[in-house]
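Shown next, in structure tokens, is the structure this report addresses.
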Amino acid sequence: MNYHQYHPIDVVNGPGTRCTLFVSGCVHQCRGCYNQSTWSLHSGHLFTQEFEDQIIADLNDTRIKKRGLSLSGGDPLHPANVSAVLKLVQRVRAECEGKDIWLWTGYVLADLSAEQKQVVDLIDVLVDGKFEKDLADPELEWRGSANQVIHRFTSL
Ligand code: SF4
């Protein structure tokens with residue numbers, strides 16, 4: 001997997017202070033997408049084991065308390081990203097007590113594959129659906145267009 005950007009301290013992509021990772025690769029080609037540079041799986045930088053370790057360390061850094069991890073892109077549920085994202089969320093669950101995981105995808109929850117669902121089973125909040133320019137609304141919280149749905153799986 002490749003990633004485009006990583007913010008170890010982020011207050012924009014989800015509630016509270018978070019670590020946010022924008023992965024590379026997206027097939028949805030939404031009209032009006034702000035992140036077209038992330039569409040290619042080969043864009044950005046290689047997501048290494050050291051980088052994964054750094055995210056876990058950042059989440060557990062007590063100097064600046066993080067509420068959790070946000071995964072966006074690109075699309076973290078692009079089939080080519082699923083195994084690396086699954087490994088990361090498994091580690092967050094095992095090693096980062098009390099941290100929540102938010103994930104944004106262009107896929108729709110009901111259409112996810114068994115592999116994609118393995119990731120979703122481990123997260124707290126899924127924001128799903130393509131960005132629909134005609135339904136865009138800057139007043140919406142955590143989503144760009146009204147068709148997108150915030151699925152909260154836990155009370156975190
Ligand atoms: S799912 Fe997101 S990254 Fe992919 S094309 Fe749509 S808006 Fe862009």
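Chain labels A, B, ... are given in the sequence in which chains occur in the structure tokens; within each chain residues are numbered consecutively from 1, and ligands are likewise numbered from 1 in the order shown.
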**Report entry** Contacts to ligand 1 at 7 Å cut-off (only C-alpha atoms and all ligand atoms) as a list in words
**Finding:** Cys26, Val27, His28, Gln29, Cys30, Cys33, Tyr34, Asn35, Gln36, Thr38, Trp39, Gly73, Gly74, Asp75, Thr105, Gly106, Lys130 and Phe131 of chain A
Store the residues of this selection in a file with N, CA, C and O atoms, as a tab-separated table (two decimals), in the first residue's frame.
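The result, written out as selection-v4.tsv:
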```
chain	number	residue	atom	x	y	z
A	26	CYS	N	-7.94	4.90	-5.51
A	26	CYS	CA	-9.40	5.03	-5.47
A	26	CYS	C	-9.95	4.81	-6.87
A	26	CYS	O	-9.41	5.36	-7.83
A	27	VAL	N	-11.01	4.03	-6.98
A	27	VAL	CA	-11.58	3.71	-8.29
A	27	VAL	C	-12.86	4.50	-8.57
A	27	VAL	O	-13.44	4.38	-9.64
A	28	HIS	N	-13.32	5.31	-7.63
A	28	HIS	CA	-14.68	5.83	-7.73
A	28	HIS	C	-14.85	7.02	-8.67
A	28	HIS	O	-15.94	7.23	-9.20
A	29	GLN	N	-13.77	7.79	-8.87
A	29	GLN	CA	-13.81	8.90	-9.83
A	29	GLN	C	-15.02	9.82	-9.62
A	29	GLN	O	-15.73	10.15	-10.57
A	30	CYS	N	-15.27	10.21	-8.40
A	30	CYS	CA	-16.40	11.10	-8.11
A	30	CYS	C	-16.18	12.45	-8.79
A	30	CYS	O	-15.08	13.02	-8.71
A	33	CYS	N	-14.23	15.51	-6.97
A	33	CYS	CA	-13.32	14.99	-5.93
A	33	CYS	C	-12.19	15.98	-5.67
A	33	CYS	O	-11.56	16.49	-6.60
A	34	TYR	N	-11.91	16.24	-4.38
A	34	TYR	CA	-10.84	17.16	-4.02
A	34	TYR	C	-9.48	16.46	-3.97
A	34	TYR	O	-8.46	17.10	-3.81
A	35	ASN	N	-9.51	15.12	-4.05
A	35	ASN	CA	-8.27	14.36	-3.83
A	35	ASN	C	-7.87	13.52	-5.05
A	35	ASN	O	-7.43	12.40	-4.92
A	36	GLN	N	-8.02	14.10	-6.23
A	36	GLN	CA	-7.74	13.32	-7.44
A	36	GLN	C	-6.31	12.82	-7.51
A	36	GLN	O	-6.03	11.80	-8.12
A	38	THR	N	-4.81	11.36	-5.38
A	38	THR	CA	-4.68	10.10	-4.63
A	38	THR	C	-5.24	8.91	-5.40
A	38	THR	O	-5.18	7.78	-4.90
A	39	TRP	N	-5.80	9.11	-6.57
A	39	TRP	CA	-6.50	8.02	-7.25
A	39	TRP	C	-5.58	6.85	-7.63
A	39	TRP	O	-5.97	5.70	-7.57
A	73	GLY	N	-8.61	8.93	2.15
A	73	GLY	CA	-7.76	8.76	0.97
A	73	GLY	C	-8.14	9.73	-0.14
A	73	GLY	O	-8.60	10.84	0.14
A	74	GLY	N	-8.10	9.11	-1.39
A	74	GLY	CA	-8.02	7.71	-1.73
A	74	GLY	C	-9.12	6.91	-1.02
A	74	GLY	O	-10.04	7.45	-0.47
A	75	ASP	N	-8.98	5.61	-1.08
A	75	ASP	CA	-9.99	4.78	-0.43
A	75	ASP	C	-9.30	3.67	0.36
A	75	ASP	O	-8.69	2.77	-0.22
A	105	THR	N	-14.96	5.84	3.03
A	105	THR	CA	-14.84	5.03	1.81
A	105	THR	C	-15.86	5.49	0.78
A	105	THR	O	-16.94	5.99	1.14
A	106	GLY	N	-15.54	5.27	-0.49
A	106	GLY	CA	-16.50	5.54	-1.55
A	106	GLY	C	-17.45	4.38	-1.78
A	106	GLY	O	-18.44	4.51	-2.51
A	130	LYS	N	-20.02	7.43	-2.38
A	130	LYS	CA	-19.27	8.35	-3.23
A	130	LYS	C	-19.65	9.79	-2.92
A	130	LYS	O	-20.72	10.07	-2.37
A	131	PHE	N	-18.75	10.71	-3.26
A	131	PHE	CA	-19.07	12.13	-3.16
A	131	PHE	C	-19.93	12.49	-4.36
A	131	PHE	O	-19.52	12.32	-5.51
```
Neighbouring residues of Ala84 in chain A were defined as those with any atom within 12 Å, considering only C-alpha atoms; residues of the same chain fewer than 4 positions away were excluded. Please report them as a CSV table (one decimal) with all heavy atoms, in the first residue's frame.
```csv
chain,number,residue,atom,x,y,z
A,1,MET,N,0.8,-1.2,0.0
A,1,MET,CA,0.0,0.0,0.0
A,1,MET,C,0.9,1.2,0.0
A,1,MET,O,1.9,1.3,0.6
A,1,MET,CB,-0.9,0.0,1.3
A,1,MET,CG,-1.8,1.2,1.3
A,1,MET,SD,-3.1,1.0,2.6
A,1,MET,CE,-2.1,1.5,4.1
A,2,ASN,N,0.4,2.3,-0.7
A,2,ASN,CA,1.0,3.6,-0.6
A,2,ASN,C,0.1,4.6,0.2
A,2,ASN,O,-1.1,4.3,0.2
A,2,ASN,CB,1.2,4.2,-2.0
A,2,ASN,CG,2.5,3.6,-2.6
A,2,ASN,OD1,3.1,2.6,-2.1
A,2,ASN,ND2,3.0,4.2,-3.7
A,3,TYR,N,0.7,5.6,0.7
A,3,TYR,CA,-0.1,6.6,1.3
A,3,TYR,C,0.2,8.0,0.8
A,3,TYR,O,1.4,8.2,0.3
A,3,TYR,CB,0.0,6.6,2.9
A,3,TYR,CG,1.4,7.1,3.3
A,3,TYR,CD1,1.5,8.4,3.8
A,3,TYR,CD2,2.5,6.3,3.3
A,3,TYR,CE1,2.8,8.9,4.2
A,3,TYR,CE2,3.7,6.7,3.7
A,3,TYR,CZ,3.9,8.0,4.2
A,3,TYR,OH,5.1,8.5,4.6
A,23,VAL,N,-4.6,7.3,2.4
A,23,VAL,CA,-4.0,6.3,1.6
A,23,VAL,C,-4.1,6.6,0.1
A,23,VAL,O,-4.9,7.4,-0.3
A,23,VAL,CB,-4.5,4.9,1.9
A,23,VAL,CG1,-4.4,4.6,3.4
A,23,VAL,CG2,-6.0,4.8,1.4
A,24,SER,N,-3.3,5.9,-0.7
A,24,SER,CA,-3.4,6.1,-2.2
A,24,SER,C,-4.3,5.0,-2.8
A,24,SER,O,-4.4,3.9,-2.3
A,24,SER,CB,-2.0,5.9,-2.8
A,24,SER,OG,-1.1,6.8,-2.2
A,46,LEU,N,5.5,4.7,0.0
A,46,LEU,CA,5.3,3.4,0.4
A,46,LEU,C,5.0,3.3,1.9
A,46,LEU,O,5.6,4.0,2.7
A,46,LEU,CB,6.6,2.5,0.2
A,46,LEU,CG,6.4,1.0,0.4
A,46,LEU,CD1,5.4,0.4,-0.6
A,46,LEU,CD2,7.8,0.4,0.2
A,47,PHE,N,3.9,2.6,2.3
A,47,PHE,CA,3.5,2.4,3.7
A,47,PHE,C,4.4,1.3,4.2
A,47,PHE,O,4.1,0.1,4.0
A,47,PHE,CB,2.0,2.1,3.7
A,47,PHE,CG,1.5,2.1,5.1
A,47,PHE,CD1,1.2,3.2,5.8
A,47,PHE,CD2,1.2,0.8,5.7
A,47,PHE,CE1,0.7,3.2,7.1
A,47,PHE,CE2,0.7,0.8,7.0
A,47,PHE,CZ,0.4,2.0,7.7
A,48,THR,N,5.4,1.6,5.0
A,48,THR,CA,6.3,0.6,5.5
A,48,THR,C,6.0,0.1,6.9
A,48,THR,O,5.1,0.7,7.6
A,48,THR,CB,7.8,1.2,5.5
A,48,THR,OG1,7.7,2.3,6.5
A,48,THR,CG2,8.2,1.7,4.2
A,49,GLN,N,6.6,-0.9,7.3
A,49,GLN,CA,6.5,-1.4,8.7
A,49,GLN,C,6.8,-0.3,9.7
A,49,GLN,O,6.2,-0.2,10.7
A,49,GLN,CB,7.3,-2.7,8.9
A,49,GLN,CG,7.2,-3.3,10.3
A,49,GLN,CD,5.7,-3.8,10.5
A,49,GLN,OE1,5.2,-4.6,9.7
A,49,GLN,NE2,5.1,-3.3,11.5
A,51,PHE,N,6.7,2.8,9.3
A,51,PHE,CA,5.6,3.9,9.3
A,51,PHE,C,4.4,3.4,10.1
A,51,PHE,O,3.8,4.2,10.9
A,51,PHE,CB,5.2,4.2,7.9
A,51,PHE,CG,4.4,5.4,7.8
A,51,PHE,CD1,5.0,6.7,8.0
A,51,PHE,CD2,3.1,5.4,7.5
A,51,PHE,CE1,4.2,7.8,8.0
A,51,PHE,CE2,2.3,6.5,7.4
A,51,PHE,CZ,2.9,7.8,7.7
A,52,GLU,N,4.1,2.1,9.9
A,52,GLU,CA,2.9,1.6,10.7
A,52,GLU,C,3.3,1.7,12.2
A,52,GLU,O,2.4,2.1,13.0
A,52,GLU,CB,2.7,0.1,10.3
A,52,GLU,CG,1.6,-0.6,11.0
A,52,GLU,CD,1.6,-2.1,10.7
A,52,GLU,OE1,1.2,-2.4,9.6
A,52,GLU,OE2,1.9,-2.8,11.6
A,71,LEU,N,-8.9,7.2,8.9
A,71,LEU,CA,-8.4,6.6,7.7
A,71,LEU,C,-9.2,7.1,6.5
A,71,LEU,O,-10.4,6.9,6.4
A,71,LEU,CB,-8.5,5.0,7.7
A,71,LEU,CG,-7.7,4.4,8.8
A,71,LEU,CD1,-8.1,3.0,9.0
A,71,LEU,CD2,-6.2,4.5,8.5
A,76,PRO,N,-9.4,3.7,1.7
A,76,PRO,CA,-8.8,2.6,2.5
A,76,PRO,C,-9.4,1.3,2.2
A,76,PRO,O,-8.8,0.3,2.6
A,76,PRO,CB,-9.2,3.1,4.0
A,76,PRO,CG,-9.5,4.5,3.9
A,76,PRO,CD,-10.1,4.7,2.5
A,77,LEU,N,-10.6,1.2,1.6
A,77,LEU,CA,-11.2,-0.1,1.3
A,77,LEU,C,-11.0,-0.5,-0.2
A,77,LEU,O,-11.6,-1.4,-0.7
A,77,LEU,CB,-12.7,-0.1,1.7
A,77,LEU,CG,-13.0,0.0,3.2
A,77,LEU,CD1,-14.5,-0.1,3.4
A,77,LEU,CD2,-12.2,-1.0,4.0
A,78,HIS,N,-10.1,0.2,-0.9
A,78,HIS,CA,-9.7,-0.2,-2.2
A,78,HIS,C,-9.2,-1.7,-2.0
A,78,HIS,O,-8.4,-1.9,-1.1
A,78,HIS,CB,-8.6,0.7,-2.8
A,78,HIS,CG,-8.2,0.3,-4.2
A,78,HIS,ND1,-7.7,-0.9,-4.6
A,78,HIS,CD2,-8.3,1.1,-5.3
A,78,HIS,CE1,-7.5,-0.9,-5.9
A,78,HIS,NE2,-7.8,0.3,-6.4
A,79,PRO,N,-9.6,-2.6,-2.9
A,79,PRO,CA,-9.2,-4.0,-2.7
A,79,PRO,C,-7.7,-4.2,-2.5
A,79,PRO,O,-7.3,-5.0,-1.7
A,79,PRO,CB,-9.7,-4.7,-3.9
A,79,PRO,CG,-10.9,-3.9,-4.3
A,79,PRO,CD,-10.6,-2.5,-4.0
A,80,ALA,N,-6.9,-3.3,-3.2
A,80,ALA,CA,-5.5,-3.5,-3.0
A,80,ALA,C,-5.0,-2.9,-1.7
A,80,ALA,O,-3.8,-3.2,-1.3
A,80,ALA,CB,-4.8,-2.7,-4.2
A,88,LEU,N,-3.3,-2.8,10.1
A,88,LEU,CA,-3.2,-1.6,10.9
A,88,LEU,C,-4.3,-1.5,11.9
A,88,LEU,O,-4.0,-1.2,13.1
A,88,LEU,CB,-3.2,-0.3,10.0
A,88,LEU,CG,-3.2,1.0,10.7
A,88,LEU,CD1,-2.0,1.2,11.5
A,88,LEU,CD2,-3.3,2.1,9.6
A,89,VAL,N,-5.5,-1.7,11.5
A,89,VAL,CA,-6.6,-1.6,12.5
A,89,VAL,C,-6.6,-2.7,13.5
A,89,VAL,O,-7.0,-2.5,14.7
A,89,VAL,CB,-8.0,-1.5,11.8
A,89,VAL,CG1,-8.2,-0.3,10.9
A,89,VAL,CG2,-8.4,-2.8,11.0
A,90,GLN,N,-6.1,-3.9,13.1
A,90,GLN,CA,-5.9,-5.0,14.1
A,90,GLN,C,-4.9,-4.5,15.2
A,90,GLN,O,-5.1,-4.8,16.4
A,90,GLN,CB,-5.4,-6.3,13.4
A,90,GLN,CG,-6.5,-7.0,12.7
A,90,GLN,CD,-6.0,-8.1,11.8
A,90,GLN,OE1,-4.9,-8.1,11.4
A,90,GLN,NE2,-6.9,-9.1,11.6
A,91,ARG,N,-3.8,-3.9,14.7
A,91,ARG,CA,-2.8,-3.4,15.7
A,91,ARG,C,-3.4,-2.3,16.6
A,91,ARG,O,-3.1,-2.3,17.8
A,91,ARG,CB,-1.6,-2.9,15.0
A,91,ARG,CG,-0.7,-4.0,14.5
A,91,ARG,CD,0.7,-3.5,14.1
A,91,ARG,NE,1.4,-3.0,15.3
A,91,ARG,CZ,2.6,-2.3,15.2
A,91,ARG,NH1,3.1,-2.0,14.0
A,91,ARG,NH2,3.2,-1.9,16.3
A,115,GLU,N,-13.8,-9.4,2.5
A,115,GLU,CA,-12.5,-8.9,3.0
A,115,GLU,C,-12.7,-7.4,3.5
A,115,GLU,O,-12.1,-7.1,4.6
A,115,GLU,CB,-11.5,-8.9,1.8
A,115,GLU,CG,-11.1,-10.2,1.4
A,115,GLU,CD,-12.1,-11.0,0.6
A,115,GLU,OE1,-13.0,-10.3,0.0
A,115,GLU,OE2,-12.0,-12.2,0.5
A,116,GLN,N,-13.4,-6.6,2.8
A,116,GLN,CA,-13.7,-5.2,3.3
A,116,GLN,C,-14.4,-5.2,4.6
A,116,GLN,O,-14.1,-4.4,5.5
A,116,GLN,CB,-14.5,-4.5,2.2
A,116,GLN,CG,-13.7,-4.2,0.9
A,116,GLN,CD,-14.5,-3.7,-0.2
A,116,GLN,OE1,-15.7,-4.1,-0.4
A,116,GLN,NE2,-14.0,-2.7,-0.9
A,118,GLN,N,-14.2,-7.4,6.9
A,118,GLN,CA,-13.2,-7.7,8.0
A,118,GLN,C,-12.7,-6.4,8.7
A,118,GLN,O,-12.5,-6.3,9.9
A,118,GLN,CB,-12.1,-8.5,7.5
A,118,GLN,CG,-12.4,-10.0,7.3
A,118,GLN,CD,-11.1,-10.8,7.0
A,118,GLN,OE1,-10.6,-10.6,5.9
A,118,GLN,NE2,-10.6,-11.5,8.0
A,119,VAL,N,-12.4,-5.4,7.8
A,119,VAL,CA,-11.9,-4.1,8.3
A,119,VAL,C,-13.0,-3.4,9.1
A,119,VAL,O,-12.8,-2.9,10.2
A,119,VAL,CB,-11.4,-3.2,7.2
A,119,VAL,CG1,-11.0,-1.8,7.7
A,119,VAL,CG2,-10.2,-3.9,6.5
```
Requested in this report: Might you pull out every residue within 8 Å of Tyr6 in chain A, with only C-alpha atoms counted and same-chain residues fewer than 2 positions away left off, and present them as a PyMOL selection string?
Outcome: chain A and resi 3-4+8+19-22
Requested in this report: List every residue of range 24-114 of chain A that DSSP, applied to the backbone, labels as helix (DSSP H, G or I), and write the result as a PyMOL selection string.
Outcome: chain A and resi 36-38+49-60+82-95+109-111+114
Store the residues picked out above, limited to C-alpha atoms, as a JSON list (two decimals), in the first residue's frame.
```
[["chain", "number", "residue", "atom", "x", "y", "z"],
["A", 36, "GLN", "CA", -7.74, 13.32, -7.44],
["A", 37, "SER", "CA", -4.01, 13.12, -6.89],
["A", 38, "THR", "CA", -4.68, 10.10, -4.63],
["A", 49, "GLN", "CA", 6.46, -1.42, 8.68],
["A", 50, "GLU", "CA", 8.36, 1.45, 10.29],
["A", 51, "PHE", "CA", 5.63, 3.86, 9.30],
["A", 52, "GLU", "CA", 2.95, 1.57, 10.71],
["A", 53, "ASP", "CA", 4.94, 1.42, 13.96],
["A", 54, "GLN", "CA", 5.11, 5.23, 14.00],
["A", 55, "ILE", "CA", 1.31, 5.56, 13.76],
["A", 56, "ILE", "CA", 0.86, 3.18, 16.71],
["A", 57, "ALA", "CA", 3.43, 5.17, 18.70],
["A", 58, "ASP", "CA", 1.74, 8.48, 17.80],
["A", 59, "LEU", "CA", -1.64, 7.16, 18.93],
["A", 60, "ASN", "CA", -0.13, 6.10, 22.24],
["A", 82, "VAL", "CA", -7.51, -3.94, 2.42],
["A", 83, "SER", "CA", -4.79, -6.28, 3.73],
["A", 84, "ALA", "CA", -2.53, -3.43, 4.90],
["A", 85, "VAL", "CA", -5.43, -1.47, 6.41],
["A", 86, "LEU", "CA", -6.70, -4.63, 8.15],
["A", 87, "LYS", "CA", -3.27, -5.18, 9.72],
["A", 88, "LEU", "CA", -3.17, -1.57, 10.89],
["A", 89, "VAL", "CA", -6.65, -1.59, 12.47],
["A", 90, "GLN", "CA", -5.91, -4.96, 14.12],
["A", 91, "ARG", "CA", -2.84, -3.40, 15.71],
["A", 92, "VAL", "CA", -4.78, -0.32, 16.85],
["A", 93, "ARG", "CA", -7.34, -2.59, 18.49],
["A", 94, "ALA", "CA", -4.62, -4.69, 20.18],
["A", 95, "GLU", "CA", -2.15, -1.97, 21.14],
["A", 109, "LEU", "CA", -21.71, -0.60, 3.41],
["A", 110, "ALA", "CA", -24.27, -3.00, 1.91],
["A", 111, "ASP", "CA", -22.02, -3.72, -1.08],
["A", 114, "ALA", "CA", -16.09, -10.20, 2.88]]
```
Query raised in the report: When DSSP works through the backbone of this structure, what residues of range 18-149 of chain A end up as strand (DSSP E or B), shown as a ChimeraX atom specification?
Result: /A:18-23,45-46,68-72,100-104,125-128,136,145,149
**Report entry** Gap from CA of Gly98 in chain A to CA of Lys117 in chain A - Å, one decimal
**Finding:**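 Distance between the two atoms: 21.6 Å.
Shortest atom-to-atom contact with Lys66 in chain A among A:Asp137, A:Val108, A:Leu41, A:Val11: A:Val11, counting only C-alpha atoms.
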**Report entry** Nearest candidate to Val125 in chain A (options A:Ser113, A:Thr17, A:Asn147, A:Thr154; using only C-alpha atoms)
**Finding:**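 Checking each candidate against Val125 in chain A, we get A:Thr154 as the closest.
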